[in-house]
Each structure stands twice: as C-alpha cells, then as structure tokens.
Amino acid sequence: MSRKHLFANEESALHEGNDASLQAASVQAATLSAQGFELPTVFHRPAVRRFNNRRQTKLICLVSAAILVAIALIGVLLMPVAMESDLSQARQAPSFEHPFGTDNLGHDMLIRTVAGLSTSIGIGLFAALVSSIIALILGTVAALGGKKADACITWLTDLMLGIPHIVFLLLISYALGKGFWGVALGVAFTHWPSLCRVIRAEVLQVKQSSYVAVARSLGRSPLYIALHHVLPAVLPQYLVGLILMFPHAILHEAAITFLGFGLPPEQPAIGIILSESMSYLSVGMWWLAVFPGLALLLVVLLFDRAGQGLRRLLDPARAQE
Amino acid sequence: MSVLELQQVSFSYGAKTVFANCSLSFDSHERVALYAPSGRGKTTLCRLLAGYSKPQAGQVLLDGQPLPQMGPCPVQLIWQHPEQALDPLLRMQTSLQEAGPLEEDVLHRLGIKPEWLTRYPRELSGGEMQRFCIARALAVHPQFLIADEISTMLDALTQVQIWDFLCSYCDEHEVGLILVTHSQALQDRLATRVVNLDSL
C-alpha cells in the first residue's frame, strides 16, 4: 500500500472515530517503518483522540436526555419522602447524610430539590407540548389560510411578543386559580409566538417552492402535499423548538412560583424552595438557596444542550448560522 | 391530435406588461422552438401554458377546453433548474412515485442508473436530476411537453442523448414538444417551427 493511501486511511479513521481501521493503519505504519521507509510526522493529527463532532453531539443529546428522564422519574418516586419532615434534623448544614442540608422543618433538601425539579420538568413537558401544538396549528394556518388569517395570526404573534412574558403569565395563572394547572396553562399560552413565527416561515417557503408546484401539476391533492412535502420540512424545526421551549417553561414556572403566583407552598418546587430560603439567608442558611438554584441551572442547561445538539444533528447546514 | 392554444392572453407583473392580448397555438405533431432575449417572458409563457400561472385576461385552452383543475395536468413543464423542482428531503424514487407508475423503458432510455433511485437530490448532478424530472413528467402521459431551457447545464454528449430520447418519445406517443432555447443549433436541428416572442 502506498504511503498516500496509508495516510488517507489513518485520516479517515480519525474522522470516523473508527478504532479498528485506526489500528489497521498504525499496524501498517509500523510494518512500513520496520521495512526501512521513513514516515513523515503528521502535524494535523488531533492532540487528543476524540469522537467526531456528530458522534459527540449524539452522545451529549443522549446523556442529557437520560439525566433529565432520570431526574423526572426519581423525583416522582421521592415525592412522598420529600413531604416528610423530621424536626430533630432541622437546620443542618450540608453533610454526608444530607448533602444539600436540611431546612427549617427538617426536610432533606437533596430529596426536595429532585422532587421539585421533577415537578418543574412535568410542568415544562405539558406546557411545551401544548404551546408547540398551538404554534404548529397557528403557524400552518397563517401560512396556508389566506391573507386575512395570516394578518390576524401575525398580529396576535406580534402582540404576544410585545407583552412581557412574566406579566401575562402572572395574570393567566392568577385567573386560573394558581396551582399546577394555573402555572402549566399560563406557560403554555405564553410561549408559542416565537415557534409559531418559525413554523409560518418554514411552511410559506415550502408552499412557494417549485417542487410543490410540480406536485400540484402532477395531480397530487393538498393533503398529499401537506403530508409528503410540508410535514417533513417542518418537523425538525418543530422538534427542536419543542425541546428548546423546556428551559423557558421551567424558568418561568420557577419565577412565578417564587413570586407567589404559582404552585402552592406545600408542594416541593424549586420556586417555592428558593422563595422560602430567602427568609433564612440572613441567618446564614446559604445551602437552602445555593444548591437548589444550581440544580435548576443544571437542568435548564441540559435541556438547552439537548435541543441545540438535536438541531445540529437534524439540520447541520443551518445550525451553524 | 390535440391543440394547445393561448387566446388573447394578457399577463403582467405589477406595472410591467409581459403579454398583451397574445394569441398562439401549438399542435401535438409539432416541435416548436420558442425564442426571445432574456427577460422577455419565455418562462412566464411556459408557466401559463402548463397551468402554473393563470392569465389575467384571456384563456389557455387544450382542445377547446380549459386545463383541468383536478388530476395530472396534460401539459407538463420541465423546469430549467431541476434542483428546485425536486424536494431536497425526498429520495429520487419517492419523488418519481409522485407521478405514478413508471415505465422501465423510459428510465433506461434516459440513462437513469438504478442506484440513483435511492439517492437524495443533493447527491446527484444537475444532469442526473434533470433526467429524473423528465421521467417524472412523462409518467403522467402528457399531451404536451414544455422544455424550458432544460439542457443549459448539460454537457454536449448528455444533451444529444436527452434530446434524441425526447424527440423519439414525442414522435412515438404523439406528444407535442415546446422547447425554449437560446441555441440556434438546437432550433435548427429539432424544431419544425420557430416562434420569436418579440413578433407576438
């Protein structure tokens, strides 16, 4: 095998992260140098061998998703334990027994945090699903339903984007009597506009494309065109939009709960934990705010990572823009 | 034999009038070359004939009837840019199936290799995509075929192959061929009639 081929092999092995062919290439290299060939140094080989970007992104997505699902499930199982209080254990600083410490009533803060995050993920899941479905329907109707429908929906979208989220959310949640459903519906009804815009633009683009005109000329029905041309084009945007809605939904849930317009105080939720911790900060119980806050940040970042990764996987060309 | 005609058709883009009261007719025994400088409205005329655009006045008639609204259009247009006429997310065989069952013979005569069928448009060259577009248009058994500068991006050999096929296919099946081209040589070799849009 010529030297050129050999390096081509090694290069492709590095790109594919394929250990077998990399080993084969290095065995060949060893044989060649044993035979007296002098091999040039490869300057552009990565210093640390790693997966290629695509595999790395897939791994990040999978790991983030696994961690989030695990938190959600464990949180549900821990819910009864999180409500138990043990006054003999109250106000303890973080230790091996209680890694996140305990609060005024002796709740274990680690358990309470995980249970709270699970509630948040549940609300996020519901709100993001409802919100993205609203966005999908309104976006599609705006793009396909004629000028008047488009004008109405675009106006509504702009209006919703113009009002600060949190104000509208507070009003909806308060009107619906707060609690889980108040928060969930509030978040659901306020988070659709940006995704709606994206979907409208995407559907419009496909609708005006030549290949849709050709499909029509070949005698295909509007339903066929919607299912075979529009849907596949919109689906990736929709999925990514859905996942990227989670962090928003979770943060807004925590925010209005913190302000007292969301979940009831007895329910373990990050917003409740944080707002309760405020009264104890001055007494020096810093762990009540720091660990749950960090955990919330971590969950939000994980969702963001998973969403961005998915976008890169589904639409590599445009994700770089 | 069928006749495709424009009756006193007017069409304008905003203030720019492209056709005013223009009449023209083609029959299915002919191979007509349309000829005009850039921007005169060749593609617009093709779109009108194939029913992609509606004239603002006048009618497009096939055998005295307006083009059908439902089902495959009997006047098929082959686009100048095949990459725009194919859905980038569909494999070629899926795109082809849109037109209905295909004749193996047509695929073979167009030089479409079986392994291209499972590819996406981005994995094919312009010429390869154009062959699929031709096969797809023929699958609905049109009475007229409009070729809007379809060979501009093809090499000479491929051009010969495609034009030979199109001419013999149109003769066998009595399909009227309307071709738009800037090439004097093509007009001389293929067309039975040359229409200059400026004279309309």
# chains A, B, ... in the order shown; residues from 1 in each chain; ligands from 1
call {"tool": "closest_atom_pairs", "arguments": {"of": "chain B", "to": "chain A", "cutoff": "8 Å", "atoms": "only C-alpha atoms", "output": "JSON lines"}}
result
{"residue": "B:Gly51", "atom": "CA", "partner": "A:Ser217", "partner_atom": "CA", "distance": 7.7}
{"residue": "B:Tyr52", "atom": "CA", "partner": "A:Ala213", "partner_atom": "CA", "distance": 7.0}
{"residue": "B:Met70", "atom": "CA", "partner": "A:Gly219", "partner_atom": "CA", "distance": 6.3}
{"residue": "B:Gly71", "atom": "CA", "partner": "A:Gly219", "partner_atom": "CA", "distance": 3.9}
{"residue": "B:Pro72", "atom": "CA", "partner": "A:Gly219", "partner_atom": "CA", "distance": 3.7}
{"residue": "B:Cys73", "atom": "CA", "partner": "A:Ser217", "partner_atom": "CA", "distance": 5.4}
{"residue": "B:Gln76", "atom": "CA", "partner": "A:Ser217", "partner_atom": "CA", "distance": 7.4}
{"residue": "B:Gln84", "atom": "CA", "partner": "A:Ser210", "partner_atom": "CA", "distance": 5.7}
{"residue": "B:Ala85", "atom": "CA", "partner": "A:Tyr211", "partner_atom": "CA", "distance": 4.2}
{"residue": "B:Leu86", "atom": "CA", "partner": "A:Tyr211", "partner_atom": "CA", "distance": 5.2}
{"residue": "B:Asp87", "atom": "CA", "partner": "A:Tyr211", "partner_atom": "CA", "distance": 5.7}
{"residue": "B:Leu89", "atom": "CA", "partner": "A:Pro232", "partner_atom": "CA", "distance": 7.3}
{"residue": "B:Glu98", "atom": "CA", "partner": "A:Ala215", "partner_atom": "CA", "distance": 7.0}
{"residue": "B:Ala99", "atom": "CA", "partner": "A:Leu218", "partner_atom": "CA", "distance": 5.8}
{"residue": "B:Ala137", "atom": "CA", "partner": "A:Leu218", "partner_atom": "CA", "distance": 7.7}
{"residue": "B:Val140", "atom": "CA", "partner": "A:Leu218", "partner_atom": "CA", "distance": 7.0}
call {"tool": "write_last_selection", "arguments": {"atoms": "C-alpha atoms", "output": "PDB file, in the first residue's frame"}}
result
ATOM      1  CA  GLY B  51     -51.184  25.954 -15.826  1.00  0.00           C
ATOM      2  CA  TYR B  52     -48.732  27.092 -13.120  1.00  0.00           C
ATOM      3  CA  MET B  70     -58.033  18.161 -10.791  1.00  0.00           C
ATOM      4  CA  GLY B  71     -55.705  15.298 -11.613  1.00  0.00           C
ATOM      5  CA  PRO B  72     -52.441  15.368 -13.539  1.00  0.00           C
ATOM      6  CA  CYS B  73     -52.119  18.268 -15.967  1.00  0.00           C
ATOM      7  CA  GLN B  76     -46.179  19.088 -18.337  1.00  0.00           C
ATOM      8  CA  GLN B  84     -35.675  23.454  -7.467  1.00  0.00           C
ATOM      9  CA  ALA B  85     -38.196  21.031  -8.917  1.00  0.00           C
ATOM     10  CA  LEU B  86     -37.198  18.185  -6.585  1.00  0.00           C
ATOM     11  CA  ASP B  87     -37.932  18.086  -2.864  1.00  0.00           C
ATOM     12  CA  LEU B  89     -35.800  15.822   1.614  1.00  0.00           C
ATOM     13  CA  GLU B  98     -45.425  11.161  -7.095  1.00  0.00           C
ATOM     14  CA  ALA B  99     -46.191  10.917 -10.797  1.00  0.00           C
ATOM     15  CA  ALA B 137     -43.145  14.495 -16.329  1.00  0.00           C
ATOM     16  CA  VAL B 140     -48.336  11.116 -16.303  1.00  0.00           C
TER      17      VAL B 140
END
call {"tool": "residues_around", "arguments": {"residues": "A:Leu294", "least_positions_apart": "3", "cutoff": "12 Å", "atoms": "only C-alpha atoms", "output": "PDB file with C-alpha atoms, in the first residue's frame"}}
result
ATOM      1  CA  PHE A 100     -27.816  19.650  50.376  1.00  0.00           C
ATOM      2  CA  LEU A 110     -31.499  16.949  48.148  1.00  0.00           C
ATOM      3  CA  THR A 113     -34.728  19.540  45.167  1.00  0.00           C
ATOM      4  CA  VAL A 114     -35.007  16.425  42.990  1.00  0.00           C
ATOM      5  CA  LEU A 117     -37.119  19.538  39.590  1.00  0.00           C
ATOM      6  CA  ILE A 270     -37.766  24.940  43.007  1.00  0.00           C
ATOM      7  CA  LEU A 274     -35.977  29.430  46.622  1.00  0.00           C
ATOM      8  CA  TRP A 287     -27.371  25.992  51.347  1.00  0.00           C
ATOM      9  CA  LEU A 288     -31.130  26.413  51.057  1.00  0.00           C
ATOM     10  CA  ALA A 289     -30.698  28.694  48.051  1.00  0.00           C
ATOM     11  CA  VAL A 290     -27.370  27.716  46.512  1.00  0.00           C
ATOM     12  CA  PHE A 291     -27.864  24.001  45.804  1.00  0.00           C
ATOM     13  CA  LEU A 297     -29.461  25.930  36.353  1.00  0.00           C
ATOM     14  CA  LEU A 298     -28.054  22.497  35.538  1.00  0.00           C
ATOM     15  CA  VAL A 299     -31.403  21.146  34.342  1.00  0.00           C
ATOM     16  CA  VAL A 300     -32.020  24.197  32.179  1.00  0.00           C
ATOM     17  CA  LEU A 301     -28.552  23.909  30.645  1.00  0.00           C
TER      18      LEU A 301
END
call {"tool": "residues_around", "arguments": {"residues": "A:Ser64", "least_positions_apart": "3", "cutoff": "8 Å", "atoms": "only C-alpha atoms", "output": "PyMOL selection string"}}
result
chain A and resi 60-61+67-68+302-303+305-306
call {"tool": "write_last_selection", "arguments": {"atoms": "C-alpha atoms", "output": "JSON list (two decimals), in the first residue's frame"}}
result
[["chain", "number", "residue", "atom", "x", "y", "z"],
["A", 60, "ILE", "CA", -24.35, 14.79, 24.51],
["A", 61, "CYS", "CA", -28.00, 14.62, 23.44],
["A", 67, "ILE", "CA", -30.18, 12.52, 33.03],
["A", 68, "LEU", "CA", -33.38, 14.53, 32.62],
["A", 302, "LEU", "CA", -29.06, 20.19, 29.98],
["A", 303, "PHE", "CA", -32.28, 20.90, 28.10],
["A", 305, "ARG", "CA", -27.66, 21.33, 25.28],
["A", 306, "ALA", "CA", -30.03, 18.57, 24.16]]
call {"tool": "closest_residue", "arguments": {"among": "A:Gln92, A:His165, A:Ile243, A:Thr140", "to": "A:Gly309", "atoms": "only C-alpha atoms"}}
result
A:Ile243
call {"tool": "residues_around", "arguments": {"residues": "stretch 20-31 of chain B", "least_positions_apart": "2", "cutoff": "6 Å", "atoms": "only C-alpha atoms", "output": "list in words"}}
result
Met1, Ser2, Val3, Leu4, Glu5, Leu6, Gln7, Gln8, Val9, Ser10, Val175, Gly176, Leu177, Ile178, Ala191 and Thr192 of chain B
call {"tool": "select_by_dssp", "arguments": {"residues": "stretch 141-196 of chain B", "states": "alpha helix (DSSP H)", "output": "number ranges by chain"}}
result
B: 156-173, 184-190
call {"tool": "write_last_selection", "arguments": {"atoms": "C-alpha atoms", "output": "PDB file, in the first residue's frame"}}
result
ATOM      1  CA  ALA B 156     -22.800  18.086 -25.249  1.00  0.00           C
ATOM      2  CA  LEU B 157     -22.986  14.296 -25.097  1.00  0.00           C
ATOM      3  CA  THR B 158     -25.728  14.283 -22.474  1.00  0.00           C
ATOM      4  CA  GLN B 159     -27.624  16.914 -24.444  1.00  0.00           C
ATOM      5  CA  VAL B 160     -27.600  14.710 -27.528  1.00  0.00           C
ATOM      6  CA  GLN B 161     -28.737  11.690 -25.516  1.00  0.00           C
ATOM      7  CA  ILE B 162     -31.617  13.572 -23.870  1.00  0.00           C
ATOM      8  CA  TRP B 163     -32.816  15.376 -26.999  1.00  0.00           C
ATOM      9  CA  ASP B 164     -32.664  12.181 -29.072  1.00  0.00           C
ATOM     10  CA  PHE B 165     -34.765  10.436 -26.481  1.00  0.00           C
ATOM     11  CA  LEU B 166     -37.258  13.301 -26.132  1.00  0.00           C
ATOM     12  CA  CYS B 167     -37.741  13.636 -29.900  1.00  0.00           C
ATOM     13  CA  SER B 168     -38.253   9.929 -30.479  1.00  0.00           C
ATOM     14  CA  TYR B 169     -40.541   9.629 -27.444  1.00  0.00           C
ATOM     15  CA  CYS B 170     -42.657  12.575 -28.579  1.00  0.00           C
ATOM     16  CA  ASP B 171     -42.934  11.126 -32.090  1.00  0.00           C
ATOM     17  CA  GLU B 172     -43.899   7.666 -30.828  1.00  0.00           C
ATOM     18  CA  HIS B 173     -46.516   8.918 -28.381  1.00  0.00           C
ATOM     19  CA  GLN B 184     -29.544  28.394 -32.764  1.00  0.00           C
ATOM     20  CA  ALA B 185     -28.181  24.908 -33.446  1.00  0.00           C
ATOM     21  CA  LEU B 186     -30.843  23.231 -31.346  1.00  0.00           C
ATOM     22  CA  GLN B 187     -33.576  25.244 -33.027  1.00  0.00           C
ATOM     23  CA  ASP B 188     -32.305  24.241 -36.454  1.00  0.00           C
ATOM     24  CA  ARG B 189     -31.902  20.573 -35.602  1.00  0.00           C
ATOM     25  CA  LEU B 190     -35.012  19.893 -33.550  1.00  0.00           C
TER      26      LEU B 190
END
call {"tool": "residues_around", "arguments": {"residues": "B:Thr118", "least_positions_apart": "5", "cutoff": "9 Å", "atoms": "only C-alpha atoms", "output": "list in words"}}
result
Arg91, Met92, Gln93 and Thr94 of chain B
call {"tool": "residues_around", "arguments": {"residues": "B:Leu102", "least_positions_apart": "5", "cutoff": "9 Å", "atoms": "only C-alpha atoms", "output": "ChimeraX atom specification"}}
result
/B:96-97,107,135-136,138-140
call {"tool": "residues_around", "arguments": {"residues": "B:Gly126", "least_positions_apart": "6", "cutoff": "12 Å", "atoms": "only C-alpha atoms", "output": "tab-separated table (two decimals) with C-alpha atoms, in the first residue's frame"}}
result
chain	number	residue	atom	x	y	z
B	79	TRP	CA	-38.03	23.24	-15.34
B	80	GLN	CA	-34.82	24.98	-16.14
B	81	HIS	CA	-33.47	24.29	-12.64
B	82	PRO	CA	-34.09	20.64	-11.72
B	83	GLU	CA	-32.72	21.15	-8.19
B	84	GLN	CA	-35.68	23.45	-7.47
B	85	ALA	CA	-38.20	21.03	-8.92
B	86	LEU	CA	-37.20	18.19	-6.58
B	132	PHE	CA	-35.45	12.34	-13.27
B	133	CYS	CA	-37.54	15.45	-13.88
B	150	ILE	CA	-33.54	22.08	-19.91
B	151	SER	CA	-30.17	21.43	-21.45
B	152	THR	CA	-28.35	24.62	-20.46
B	153	MET	CA	-26.29	22.94	-17.74
B	154	LEU	CA	-25.61	19.69	-19.59
B	155	ASP	CA	-22.53	18.63	-21.49
B	158	THR	CA	-25.73	14.28	-22.47
